[in-house]
$ cat protein_38.pdb   # PDB, N, CA and C atoms
ATOM      1  N   MET B  81      -2.755  23.728  76.760
ATOM      2  CA  MET B  81      -2.440  24.642  75.679
ATOM      3  C   MET B  81      -1.601  25.786  76.238
ATOM      4  N   ALA B  82      -0.595  26.127  75.536
ATOM      5  CA  ALA B  82       0.294  27.205  75.973
ATOM      6  C   ALA B  82      -0.402  28.562  75.833
ATOM      7  N   LEU B  83       0.215  29.564  76.412
ATOM      8  CA  LEU B  83      -0.286  30.925  76.318
ATOM      9  C   LEU B  83      -0.353  31.341  74.849
ATOM     10  N   ILE B  84      -1.468  31.934  74.451
ATOM     11  CA  ILE B  84      -1.668  32.354  73.064
ATOM     12  C   ILE B  84      -1.583  33.875  72.988
ATOM     13  N   HIS B  85      -0.821  34.362  72.024
ATOM     14  CA  HIS B  85      -0.774  35.798  71.738
ATOM     15  C   HIS B  85      -1.695  36.017  70.548
ATOM     16  N   PHE B  86      -2.870  36.576  70.825
ATOM     17  CA  PHE B  86      -3.911  36.692  69.808
ATOM     18  C   PHE B  86      -3.718  37.890  68.895
ATOM     19  N   ASN B  87      -4.043  37.692  67.618
ATOM     20  CA  ASN B  87      -4.361  38.787  66.723
ATOM     21  C   ASN B  87      -5.884  38.705  66.530
ATOM     22  N   GLN B  88      -6.466  39.600  65.765
ATOM     23  CA  GLN B  88      -7.928  39.604  65.659
ATOM     24  C   GLN B  88      -8.445  38.307  65.041
ATOM     25  N   GLU B  89      -7.795  37.842  63.989
ATOM     26  CA  GLU B  89      -8.251  36.621  63.325
ATOM     27  C   GLU B  89      -8.214  35.421  64.266
ATOM     28  N   GLY B  90      -7.108  35.261  64.978
ATOM     29  CA  GLY B  90      -6.977  34.153  65.915
ATOM     30  C   GLY B  90      -7.964  34.252  67.066
ATOM     31  N   PHE B  91      -8.198  35.472  67.535
ATOM     32  CA  PHE B  91      -9.140  35.692  68.625
ATOM     33  C   PHE B  91     -10.546  35.309  68.181
ATOM     34  N   ASP B  92     -10.945  35.783  67.005
ATOM     35  CA  ASP B  92     -12.287  35.471  66.498
ATOM     36  C   ASP B  92     -12.458  33.980  66.263
ATOM     37  N   LYS B  93     -11.408  33.317  65.802
ATOM     38  CA  LYS B  93     -11.480  31.868  65.593
ATOM     39  C   LYS B  93     -11.633  31.141  66.927
ATOM     40  N   ALA B  94     -10.903  31.590  67.956
ATOM     41  CA  ALA B  94     -11.027  30.978  69.285
ATOM     42  C   ALA B  94     -12.433  31.166  69.836
ATOM     43  N   LEU B  95     -13.033  32.331  69.586
ATOM     44  CA  LEU B  95     -14.401  32.578  70.051
ATOM     45  C   LEU B  95     -15.394  31.602  69.432
ATOM     46  N   GLU B  96     -15.161  31.236  68.179
ATOM     47  CA  GLU B  96     -16.060  30.298  67.495
ATOM     48  C   GLU B  96     -16.097  28.951  68.199
ATOM     49  N   GLY B  97     -15.012  28.598  68.876
ATOM     50  CA  GLY B  97     -14.941  27.318  69.559
ATOM     51  C   GLY B  97     -15.786  27.248  70.814
ATOM     52  N   LYS B  98     -16.338  28.372  71.229
ATOM     53  CA  LYS B  98     -17.222  28.440  72.403
ATOM     54  C   LYS B  98     -16.548  27.979  73.689
ATOM     55  N   ALA B  99     -15.229  28.073  73.742
ATOM     56  CA  ALA B  99     -14.498  27.671  74.936
ATOM     57  C   ALA B  99     -14.489  28.800  75.963
ATOM     58  N   LEU B 100     -14.197  28.439  77.192
ATOM     59  CA  LEU B 100     -13.943  29.429  78.231
ATOM     60  C   LEU B 100     -12.603  30.073  77.907
ATOM     61  N   MET B 101     -12.540  31.409  77.956
ATOM     62  CA  MET B 101     -11.317  32.126  77.615
ATOM     63  C   MET B 101     -10.986  33.143  78.695
ATOM     64  N   LEU B 102      -9.726  33.192  79.093
ATOM     65  CA  LEU B 102      -9.197  34.233  79.969
ATOM     66  C   LEU B 102      -8.218  35.031  79.117
ATOM     67  N   VAL B 103      -8.515  36.319  78.911
ATOM     68  CA  VAL B 103      -7.738  37.122  77.971
ATOM     69  C   VAL B 103      -7.229  38.379  78.655
ATOM     70  N   ASP B 104      -5.913  38.567  78.576
ATOM     71  CA  ASP B 104      -5.228  39.727  79.145
ATOM     72  C   ASP B 104      -5.025  40.759  78.037
ATOM     73  N   PHE B 105      -5.654  41.925  78.178
ATOM     74  CA  PHE B 105      -5.436  43.042  77.264
ATOM     75  C   PHE B 105      -4.311  43.881  77.850
ATOM     76  N   TRP B 106      -3.245  44.080  77.077
ATOM     77  CA  TRP B 106      -2.016  44.677  77.598
ATOM     78  C   TRP B 106      -1.300  45.445  76.487
ATOM     79  N   ALA B 107      -0.173  46.076  76.839
ATOM     80  CA  ALA B 107       0.708  46.734  75.871
ATOM     81  C   ALA B 107       2.149  46.619  76.377
ATOM     82  N   THR B 108       3.079  46.629  75.445
ATOM     83  CA  THR B 108       4.489  46.443  75.802
ATOM     84  C   THR B 108       5.035  47.584  76.653
ATOM     85  N   TRP B 109       4.501  48.800  76.482
ATOM     86  CA  TRP B 109       5.006  49.970  77.196
ATOM     87  C   TRP B 109       4.401  50.115  78.596
ATOM     88  N   CYS B 110       3.469  49.271  78.950
ATOM     89  CA  CYS B 110       2.705  49.379  80.201
ATOM     90  C   CYS B 110       3.412  48.617  81.327
ATOM     91  N   GLY B 111       3.914  49.362  82.330
ATOM     92  CA  GLY B 111       4.599  48.741  83.464
ATOM     93  C   GLY B 111       3.742  47.733  84.217
ATOM     94  N   PRO B 112       2.517  48.096  84.623
ATOM     95  CA  PRO B 112       1.673  47.117  85.309
ATOM     96  C   PRO B 112       1.381  45.878  84.454
ATOM     97  N   CYS B 113       1.276  46.065  83.144
ATOM     98  CA  CYS B 113       1.056  44.924  82.246
ATOM     99  C   CYS B 113       2.237  43.962  82.307
ATOM    100  N   ARG B 114       3.438  44.515  82.335
ATOM    101  CA  ARG B 114       4.635  43.671  82.416
ATOM    102  C   ARG B 114       4.692  42.946  83.765
ATOM    103  N   MET B 115       4.184  43.593  84.809
ATOM    104  CA  MET B 115       4.123  42.932  86.119
ATOM    105  C   MET B 115       3.138  41.756  86.096
ATOM    106  N   LEU B 116       2.039  41.917  85.369
ATOM    107  CA  LEU B 116       1.013  40.880  85.305
ATOM    108  C   LEU B 116       1.416  39.731  84.383
ATOM    109  N   GLY B 117       2.290  39.989  83.425
ATOM    110  CA  GLY B 117       2.674  38.980  82.441
ATOM    111  C   GLY B 117       3.042  37.626  83.023
ATOM    112  N   PRO B 118       3.943  37.568  84.011
ATOM    113  CA  PRO B 118       4.313  36.264  84.577
ATOM    114  C   PRO B 118       3.134  35.543  85.241
ATOM    115  N   VAL B 119       2.189  36.291  85.780
ATOM    116  CA  VAL B 119       1.000  35.679  86.393
ATOM    117  C   VAL B 119       0.178  34.976  85.309
ATOM    118  N   ILE B 120      -0.039  35.664  84.191
ATOM    119  CA  ILE B 120      -0.819  35.081  83.096
ATOM    120  C   ILE B 120      -0.087  33.872  82.513
ATOM    121  N   GLU B 121       1.229  33.968  82.380
ATOM    122  CA  GLU B 121       2.017  32.836  81.884
ATOM    123  C   GLU B 121       1.910  31.641  82.829
ATOM    124  N   GLN B 122       1.944  31.892  84.137
ATOM    125  CA  GLN B 122       1.822  30.805  85.115
ATOM    126  C   GLN B 122       0.439  30.171  85.051
ATOM    127  N   LEU B 123      -0.602  30.988  84.875
ATOM    128  CA  LEU B 123      -1.957  30.447  84.728
ATOM    129  C   LEU B 123      -2.041  29.544  83.501
ATOM    130  N   ALA B 124      -1.465  29.986  82.387
ATOM    131  CA  ALA B 124      -1.498  29.178  81.164
ATOM    132  C   ALA B 124      -0.820  27.826  81.395
ATOM    133  N   GLU B 125       0.272  27.847  82.133
ATOM    134  CA  GLU B 125       0.983  26.604  82.435
ATOM    135  C   GLU B 125       0.167  25.722  83.379
ATOM    136  N   ASP B 126      -0.368  26.310  84.435
ATOM    137  CA  ASP B 126      -1.093  25.537  85.446
ATOM    138  C   ASP B 126      -2.422  24.986  84.940
ATOM    139  N   TYR B 127      -3.048  25.668  83.989
ATOM    140  CA  TYR B 127      -4.355  25.241  83.486
ATOM    141  C   TYR B 127      -4.253  24.532  82.135
ATOM    142  N   GLU B 128      -3.038  24.206  81.730
ATOM    143  CA  GLU B 128      -2.847  23.457  80.487
ATOM    144  C   GLU B 128      -3.557  22.113  80.604
ATOM    145  N   GLY B 129      -4.264  21.728  79.555
ATOM    146  CA  GLY B 129      -5.000  20.466  79.561
ATOM    147  C   GLY B 129      -6.409  20.593  80.096
ATOM    148  N   LYS B 130      -6.753  21.771  80.625
ATOM    149  CA  LYS B 130      -8.121  22.000  81.099
ATOM    150  C   LYS B 130      -8.893  22.727  79.997
ATOM    151  N   ASP B 131     -10.187  22.787  80.141
ATOM    152  CA  ASP B 131     -11.057  23.328  79.100
ATOM    153  C   ASP B 131     -11.113  24.852  79.155
ATOM    154  N   VAL B 132      -9.939  25.484  78.963
ATOM    155  CA  VAL B 132      -9.859  26.940  78.978
ATOM    156  C   VAL B 132      -8.730  27.380  78.045
ATOM    157  N   ILE B 133      -8.954  28.487  77.372
ATOM    158  CA  ILE B 133      -7.932  29.113  76.542
ATOM    159  C   ILE B 133      -7.454  30.346  77.280
ATOM    160  N   ILE B 134      -6.155  30.462  77.480
ATOM    161  CA  ILE B 134      -5.581  31.625  78.155
ATOM    162  C   ILE B 134      -4.688  32.347  77.153
ATOM    163  N   GLY B 135      -4.973  33.637  76.980
ATOM    164  CA  GLY B 135      -4.234  34.376  75.977
ATOM    165  C   GLY B 135      -4.070  35.841  76.311
ATOM    166  N   LYS B 136      -3.343  36.519  75.419
ATOM    167  CA  LYS B 136      -3.050  37.939  75.578
ATOM    168  C   LYS B 136      -3.381  38.653  74.272
ATOM    169  N   VAL B 137      -3.836  39.896  74.397
ATOM    170  CA  VAL B 137      -4.096  40.750  73.245
ATOM    171  C   VAL B 137      -3.331  42.047  73.452
ATOM    172  N   ASP B 138      -2.393  42.338  72.554
ATOM    173  CA  ASP B 138      -1.668  43.600  72.585
ATOM    174  C   ASP B 138      -2.601  44.669  72.012
ATOM    175  N   VAL B 139      -2.995  45.634  72.850
ATOM    176  CA  VAL B 139      -3.982  46.630  72.425
ATOM    177  C   VAL B 139      -3.430  47.576  71.367
ATOM    178  N   ASP B 140      -2.118  47.736  71.289
ATOM    179  CA  ASP B 140      -1.539  48.580  70.247
ATOM    180  C   ASP B 140      -1.607  47.900  68.885
ATOM    181  N   GLU B 141      -1.458  46.588  68.867
ATOM    182  CA  GLU B 141      -1.513  45.836  67.619
ATOM    183  C   GLU B 141      -2.938  45.453  67.231
ATOM    184  N   ASN B 142      -3.852  45.438  68.201
ATOM    185  CA  ASN B 142      -5.237  45.006  67.968
ATOM    186  C   ASN B 142      -6.230  45.962  68.624
ATOM    187  N   PRO B 143      -6.207  47.244  68.234
ATOM    188  CA  PRO B 143      -7.090  48.212  68.896
ATOM    189  C   PRO B 143      -8.581  47.907  68.703
ATOM    190  N   GLU B 144      -8.918  47.227  67.607
ATOM    191  CA  GLU B 144     -10.320  46.901  67.359
ATOM    192  C   GLU B 144     -10.863  45.917  68.391
ATOM    193  N   LEU B 145     -10.018  45.006  68.875
ATOM    194  CA  LEU B 145     -10.466  44.073  69.917
ATOM    195  C   LEU B 145     -10.668  44.800  71.237
ATOM    196  N   ALA B 146      -9.749  45.696  71.569
ATOM    197  CA  ALA B 146      -9.902  46.487  72.797
ATOM    198  C   ALA B 146     -11.179  47.318  72.729
ATOM    199  N   GLN B 147     -11.442  47.902  71.587
ATOM    200  CA  GLN B 147     -12.649  48.717  71.427
ATOM    201  C   GLN B 147     -13.902  47.847  71.515
ATOM    202  N   ARG B 148     -13.875  46.682  70.903
ATOM    203  CA  ARG B 148     -15.030  45.779  70.918
ATOM    204  C   ARG B 148     -15.464  45.452  72.341
ATOM    205  N   TYR B 149     -14.493  45.288  73.241
ATOM    206  CA  TYR B 149     -14.799  44.923  74.620
ATOM    207  C   TYR B 149     -14.760  46.108  75.583
ATOM    208  N   GLY B 150     -14.634  47.305  75.060
ATOM    209  CA  GLY B 150     -14.663  48.492  75.905
ATOM    210  C   GLY B 150     -13.513  48.569  76.882
ATOM    211  N   VAL B 151     -12.347  48.087  76.482
ATOM    212  CA  VAL B 151     -11.164  48.140  77.343
ATOM    213  C   VAL B 151     -10.643  49.576  77.328
ATOM    214  N   MET B 152     -10.749  50.248  78.473
ATOM    215  CA  MET B 152     -10.368  51.650  78.584
ATOM    216  C   MET B 152      -9.032  51.849  79.288
ATOM    217  N   SER B 153      -8.635  50.873  80.095
ATOM    218  CA  SER B 153      -7.336  50.944  80.762
ATOM    219  C   SER B 153      -6.744  49.543  80.792
ATOM    220  N   ILE B 154      -5.420  49.509  80.877
ATOM    221  CA  ILE B 154      -4.747  48.226  80.871
ATOM    222  C   ILE B 154      -3.817  48.124  82.072
ATOM    223  N   PRO B 155      -3.575  46.934  82.562
ATOM    224  CA  PRO B 155      -4.096  45.675  82.052
ATOM    225  C   PRO B 155      -5.566  45.466  82.433
ATOM    226  N   THR B 156      -6.281  44.848  81.525
ATOM    227  CA  THR B 156      -7.653  44.392  81.769
ATOM    228  C   THR B 156      -7.706  42.927  81.381
ATOM    229  N   VAL B 157      -8.213  42.102  82.272
ATOM    230  CA  VAL B 157      -8.342  40.669  82.018
ATOM    231  C   VAL B 157      -9.823  40.337  81.961
ATOM    232  N   LEU B 158     -10.231  39.747  80.835
ATOM    233  CA  LEU B 158     -11.627  39.359  80.650
ATOM    234  C   LEU B 158     -11.767  37.852  80.736
ATOM    235  N   LEU B 159     -12.856  37.419  81.354
ATOM    236  CA  LEU B 159     -13.241  36.018  81.320
ATOM    237  C   LEU B 159     -14.436  35.937  80.391
ATOM    238  N   LEU B 160     -14.292  35.167  79.324
ATOM    239  CA  LEU B 160     -15.337  35.032  78.314
ATOM    240  C   LEU B 160     -15.840  33.603  78.301
ATOM    241  N   GLU B 161     -17.149  33.462  78.174
ATOM    242  CA  GLU B 161     -17.747  32.140  78.042
ATOM    243  C   GLU B 161     -18.732  32.209  76.893
ATOM    244  N   ASP B 162     -18.600  31.286  75.958
ATOM    245  CA  ASP B 162     -19.437  31.290  74.751
ATOM    246  C   ASP B 162     -19.376  32.638  74.045
ATOM    247  N   GLY B 163     -18.199  33.279  74.094
ATOM    248  CA  GLY B 163     -17.996  34.543  73.397
ATOM    249  C   GLY B 163     -18.518  35.766  74.120
ATOM    250  N   LYS B 164     -19.080  35.582  75.310
ATOM    251  CA  LYS B 164     -19.634  36.707  76.057
ATOM    252  C   LYS B 164     -18.818  36.946  77.323
ATOM    253  N   GLU B 165     -18.620  38.209  77.655
ATOM    254  CA  GLU B 165     -17.899  38.564  78.869
ATOM    255  C   GLU B 165     -18.715  38.188  80.097
ATOM    256  N   ILE B 166     -18.098  37.446  81.003
ATOM    257  CA  ILE B 166     -18.792  37.097  82.248
ATOM    258  C   ILE B 166     -18.086  37.676  83.474
ATOM    259  N   ASP B 167     -16.860  38.144  83.297
ATOM    260  CA  ASP B 167     -16.162  38.819  84.392
ATOM    261  C   ASP B 167     -15.022  39.642  83.825
ATOM    262  N   ARG B 168     -14.590  40.646  84.614
ATOM    263  CA  ARG B 168     -13.533  41.568  84.197
ATOM    264  C   ARG B 168     -12.746  41.984  85.425
ATOM    265  N   LYS B 169     -11.438  41.960  85.288
ATOM    266  CA  LYS B 169     -10.538  42.453  86.326
ATOM    267  C   LYS B 169      -9.654  43.527  85.695
ATOM    268  N   VAL B 170      -9.639  44.712  86.289
ATOM    269  CA  VAL B 170      -8.831  45.818  85.769
ATOM    270  C   VAL B 170      -7.705  46.082  86.755
ATOM    271  N   GLY B 171      -6.492  46.199  86.227
ATOM    272  CA  GLY B 171      -5.327  46.407  87.074
ATOM    273  C   GLY B 171      -4.655  45.090  87.399
ATOM    274  N   VAL B 172      -3.563  45.182  88.122
ATOM    275  CA  VAL B 172      -2.805  43.989  88.493
ATOM    276  C   VAL B 172      -3.442  43.351  89.715
ATOM    277  N   MET B 173      -3.757  42.081  89.599
ATOM    278  CA  MET B 173      -4.328  41.302  90.694
ATOM    279  C   MET B 173      -3.398  40.116  90.957
ATOM    280  N   PRO B 174      -3.484  39.529  92.140
ATOM    281  CA  PRO B 174      -2.658  38.353  92.410
ATOM    282  C   PRO B 174      -3.161  37.129  91.633
ATOM    283  N   TYR B 175      -2.297  36.160  91.490
ATOM    284  CA  TYR B 175      -2.605  34.906  90.797
ATOM    285  C   TYR B 175      -3.951  34.341  91.234
ATOM    286  N   GLU B 176      -4.185  34.359  92.543
ATOM    287  CA  GLU B 176      -5.384  33.728  93.097
ATOM    288  C   GLU B 176      -6.673  34.365  92.579
ATOM    289  N   ALA B 177      -6.659  35.641  92.297
ATOM    290  CA  ALA B 177      -7.862  36.314  91.796
ATOM    291  C   ALA B 177      -8.302  35.710  90.467
ATOM    292  N   TYR B 178      -7.339  35.418  89.596
ATOM    293  CA  TYR B 178      -7.657  34.840  88.295
ATOM    294  C   TYR B 178      -7.932  33.344  88.412
ATOM    295  N   ALA B 179      -7.175  32.652  89.261
ATOM    296  CA  ALA B 179      -7.404  31.217  89.475
ATOM    297  C   ALA B 179      -8.798  30.989  90.036
ATOM    298  N   ASP B 180      -9.242  31.837  90.949
ATOM    299  CA  ASP B 180     -10.592  31.709  91.505
ATOM    300  C   ASP B 180     -11.651  31.869  90.421
ATOM    301  N   LEU B 181     -11.439  32.821  89.505
ATOM    302  CA  LEU B 181     -12.371  32.996  88.383
ATOM    303  C   LEU B 181     -12.474  31.714  87.571
ATOM    304  N   LEU B 182     -11.316  31.156  87.235
ATOM    305  CA  LEU B 182     -11.289  29.944  86.416
ATOM    306  C   LEU B 182     -11.863  28.756  87.159
ATOM    307  N   ASP B 183     -11.477  28.588  88.407
ATOM    308  CA  ASP B 183     -11.959  27.444  89.182
ATOM    309  C   ASP B 183     -13.467  27.489  89.358
ATOM    310  N   GLY B 184     -14.033  28.683  89.413
ATOM    311  CA  GLY B 184     -15.485  28.814  89.553
ATOM    312  C   GLY B 184     -16.256  28.421  88.293
ATOM    313  N   LYS B 185     -15.554  28.351  87.160
ATOM    314  CA  LYS B 185     -16.214  28.014  85.901
ATOM    315  C   LYS B 185     -15.824  26.660  85.345
ATOM    316  N   LEU B 186     -14.746  26.063  85.854
ATOM    317  CA  LEU B 186     -14.279  24.759  85.322
ATOM    318  C   LEU B 186     -14.833  23.607  86.119
TER
END
$ encode --input "protein_38.pdb" --output "structure tokens"
Amino acid sequence: MALIHFNQEGFDKALEGKALMLVDFWATWCGPCRMLGPVIEQLAEDYEGKDVIIGKVDVDENPELAQRYGVMSIPTVLLLEDGKEIDRKVGVMPYEAYADLLDGKL
């Protein structure tokens, strides 16, 4: 599955599926977020066909989702399982940090 740009409705629908989700909370004006973007896109490509949904949430367009998960700074990447947060990475991390999270759950 390709990288998904979530709105609240799409995010809530994905949660209903009880899938493993890696979600990048970001904003267009955020320099570190733009640095992380290609990493998240590469993860979506590399993990296509595996049992994980990889997506992004623009916090300016979806502030209620950021508030729901207590996202106070961006970029913040959440790993969700069955709709519950099981890990969180704040700031820009290398590809391997996120791949290790996914590999530990897949």
$ resolve_selection --input "protein_38.pdb" --expression "the PyMOL selection byres (((chain B and resi 137 and name CA) around 10) and name CA)" --output "list in words"
Ile84, His85, Phe86, Asn87, Gln88, Phe91, Val103, Asp104, Phe105, Trp106, Ala107, Gly135, Lys136, Asp138, Val139, Asp140, Glu141, Asn142, Pro143, Leu145, Ala146, Thr156 and Val157 of chain B
$ resolve_selection --input "protein_38.pdb" --expression "the PyMOL selection byres ((chain B and resi 172-178) around 6.5)" --output "PyMOL selection string"
chain B and resi 112+116+119+155+170-171+179-183
$ axis_aligned_box --input "protein_38.pdb" --around "segment 167-178 of chain B" --padding-each-side "6 Å" --output "AutoDock Vina command-line options"
--center_x -9.6 --center_y 39.9 --center_z 88.2 --size_x 26.6 --size_y 25.1 --size_z 21.8
$ atom_distance --input "protein_38.pdb" --atom1 "atom C of Gly111 of chain B" --atom2 "atom C of Gly150 of chain B"
18.8 Å
$ resolve_selection --input "protein_38.pdb" --expression "the PyMOL selection byres ((chain B and resi 101) around 5)" --output "VMD selection string"
chain B and resid 99 to 100 102 to 103 133 159 to 160
$ select_by_dssp --input "protein_38.pdb" --residues "chain B" --states "alpha helix (DSSP H)" --output "short mmCIF file (atom, residue, chain, number, x, y, z; two decimals) with N, CA and C atoms, keeping the file's coordinate frame"
data_model
loop_
_atom_site.label_atom_id
_atom_site.label_comp_id
_atom_site.auth_asym_id
_atom_site.auth_seq_id
_atom_site.Cartn_x
_atom_site.Cartn_y
_atom_site.Cartn_z
N GLN B 88 -6.47 39.60 65.76
CA GLN B 88 -7.93 39.60 65.66
C GLN B 88 -8.44 38.31 65.04
N GLU B 89 -7.80 37.84 63.99
CA GLU B 89 -8.25 36.62 63.32
C GLU B 89 -8.21 35.42 64.27
N GLY B 90 -7.11 35.26 64.98
CA GLY B 90 -6.98 34.15 65.92
C GLY B 90 -7.96 34.25 67.07
N PHE B 91 -8.20 35.47 67.54
CA PHE B 91 -9.14 35.69 68.62
C PHE B 91 -10.55 35.31 68.18
N ASP B 92 -10.94 35.78 67.00
CA ASP B 92 -12.29 35.47 66.50
C ASP B 92 -12.46 33.98 66.26
N LYS B 93 -11.41 33.32 65.80
CA LYS B 93 -11.48 31.87 65.59
C LYS B 93 -11.63 31.14 66.93
N ALA B 94 -10.90 31.59 67.96
CA ALA B 94 -11.03 30.98 69.28
C ALA B 94 -12.43 31.17 69.84
N LEU B 95 -13.03 32.33 69.59
CA LEU B 95 -14.40 32.58 70.05
C LEU B 95 -15.39 31.60 69.43
N GLU B 96 -15.16 31.24 68.18
CA GLU B 96 -16.06 30.30 67.50
C GLU B 96 -16.10 28.95 68.20
N GLY B 111 3.91 49.36 82.33
CA GLY B 111 4.60 48.74 83.46
C GLY B 111 3.74 47.73 84.22
N PRO B 112 2.52 48.10 84.62
CA PRO B 112 1.67 47.12 85.31
C PRO B 112 1.38 45.88 84.45
N CYS B 113 1.28 46.06 83.14
CA CYS B 113 1.06 44.92 82.25
C CYS B 113 2.24 43.96 82.31
N ARG B 114 3.44 44.52 82.34
CA ARG B 114 4.64 43.67 82.42
C ARG B 114 4.69 42.95 83.76
N MET B 115 4.18 43.59 84.81
CA MET B 115 4.12 42.93 86.12
C MET B 115 3.14 41.76 86.10
N LEU B 116 2.04 41.92 85.37
CA LEU B 116 1.01 40.88 85.30
C LEU B 116 1.42 39.73 84.38
N GLY B 117 2.29 39.99 83.42
CA GLY B 117 2.67 38.98 82.44
C GLY B 117 3.04 37.63 83.02
N PRO B 118 3.94 37.57 84.01
CA PRO B 118 4.31 36.26 84.58
C PRO B 118 3.13 35.54 85.24
N VAL B 119 2.19 36.29 85.78
CA VAL B 119 1.00 35.68 86.39
C VAL B 119 0.18 34.98 85.31
N ILE B 120 -0.04 35.66 84.19
CA ILE B 120 -0.82 35.08 83.10
C ILE B 120 -0.09 33.87 82.51
N GLU B 121 1.23 33.97 82.38
CA GLU B 121 2.02 32.84 81.88
C GLU B 121 1.91 31.64 82.83
N GLN B 122 1.94 31.89 84.14
CA GLN B 122 1.82 30.80 85.12
C GLN B 122 0.44 30.17 85.05
N LEU B 123 -0.60 30.99 84.88
CA LEU B 123 -1.96 30.45 84.73
C LEU B 123 -2.04 29.54 83.50
N ALA B 124 -1.46 29.99 82.39
CA ALA B 124 -1.50 29.18 81.16
C ALA B 124 -0.82 27.83 81.40
N GLU B 125 0.27 27.85 82.13
CA GLU B 125 0.98 26.60 82.44
C GLU B 125 0.17 25.72 83.38
N ASP B 126 -0.37 26.31 84.44
CA ASP B 126 -1.09 25.54 85.45
C ASP B 126 -2.42 24.99 84.94
N PRO B 143 -6.21 47.24 68.23
CA PRO B 143 -7.09 48.21 68.90
C PRO B 143 -8.58 47.91 68.70
N GLU B 144 -8.92 47.23 67.61
CA GLU B 144 -10.32 46.90 67.36
C GLU B 144 -10.86 45.92 68.39
N LEU B 145 -10.02 45.01 68.88
CA LEU B 145 -10.47 44.07 69.92
C LEU B 145 -10.67 44.80 71.24
N ALA B 146 -9.75 45.70 71.57
CA ALA B 146 -9.90 46.49 72.80
C ALA B 146 -11.18 47.32 72.73
N GLN B 147 -11.44 47.90 71.59
CA GLN B 147 -12.65 48.72 71.43
C GLN B 147 -13.90 47.85 71.52
N ARG B 148 -13.88 46.68 70.90
CA ARG B 148 -15.03 45.78 70.92
C ARG B 148 -15.46 45.45 72.34
N TYR B 175 -2.30 36.16 91.49
CA TYR B 175 -2.60 34.91 90.80
C TYR B 175 -3.95 34.34 91.23
N GLU B 176 -4.18 34.36 92.54
CA GLU B 176 -5.38 33.73 93.10
C GLU B 176 -6.67 34.36 92.58
N ALA B 177 -6.66 35.64 92.30
CA ALA B 177 -7.86 36.31 91.80
C ALA B 177 -8.30 35.71 90.47
N TYR B 178 -7.34 35.42 89.60
CA TYR B 178 -7.66 34.84 88.30
C TYR B 178 -7.93 33.34 88.41
N ALA B 179 -7.18 32.65 89.26
CA ALA B 179 -7.40 31.22 89.48
C ALA B 179 -8.80 30.99 90.04
N ASP B 180 -9.24 31.84 90.95
CA ASP B 180 -10.59 31.71 91.50
C ASP B 180 -11.65 31.87 90.42
N LEU B 181 -11.44 32.82 89.50
CA LEU B 181 -12.37 33.00 88.38
C LEU B 181 -12.47 31.71 87.57
N LEU B 182 -11.32 31.16 87.24
CA LEU B 182 -11.29 29.94 86.42
C LEU B 182 -11.86 28.76 87.16
N ASP B 183 -11.48 28.59 88.41
CA ASP B 183 -11.96 27.44 89.18
C ASP B 183 -13.47 27.49 89.36
N GLY B 184 -14.03 28.68 89.41
CA GLY B 184 -15.48 28.81 89.55
C GLY B 184 -16.26 28.42 88.29
N LYS B 185 -15.55 28.35 87.16
CA LYS B 185 -16.21 28.01 85.90
C LYS B 185 -15.82 26.66 85.34
#
$ closest_residue --input "protein_38.pdb" --among "B:Gln122, B:Leu186, B:Trp109, B:Tyr149" --to "Gly163 of chain B" --atoms "only C-alpha atoms"
B:Tyr149
$ atom_distance --input "protein_38.pdb" --atom1 "atom CA of Ile154 of chain B" --atom2 "atom CA of Arg114 of chain B"
10.5 Å
$ decode --input "protein_38.pdb" --residues "segment 110-126 of chain B" --atoms "C-alpha atoms" --output "PDB file, in the first residue's frame"
ATOM      1  CA  CYS B 110       8.318  22.403   9.369  1.00  0.00           C
ATOM      2  CA  GLY B 111      11.902  21.996   8.091  1.00  0.00           C
ATOM      3  CA  PRO B 112      12.660  18.803  10.049  1.00  0.00           C
ATOM      4  CA  CYS B 113       9.340  17.360   8.838  1.00  0.00           C
ATOM      5  CA  ARG B 114      10.392  17.947   5.239  1.00  0.00           C
ATOM      6  CA  MET B 115      13.700  16.215   6.000  1.00  0.00           C
ATOM      7  CA  LEU B 116      11.827  13.190   7.376  1.00  0.00           C
ATOM      8  CA  GLY B 117       9.375  13.028   4.454  1.00  0.00           C
ATOM      9  CA  PRO B 118      11.599  10.996   2.097  1.00  0.00           C
ATOM     10  CA  VAL B 119      12.326   8.510   4.909  1.00  0.00           C
ATOM     11  CA  ILE B 120       8.604   7.911   5.479  1.00  0.00           C
ATOM     12  CA  GLU B 121       8.025   7.626   1.719  1.00  0.00           C
ATOM     13  CA  GLN B 122      10.841   5.054   1.457  1.00  0.00           C
ATOM     14  CA  LEU B 123       9.359   3.054   4.348  1.00  0.00           C
ATOM     15  CA  ALA B 124       5.963   3.023   2.621  1.00  0.00           C
ATOM     16  CA  GLU B 125       7.616   1.711  -0.532  1.00  0.00           C
ATOM     17  CA  ASP B 126       9.784  -0.878   1.230  1.00  0.00           C
TER      18      ASP B 126
END
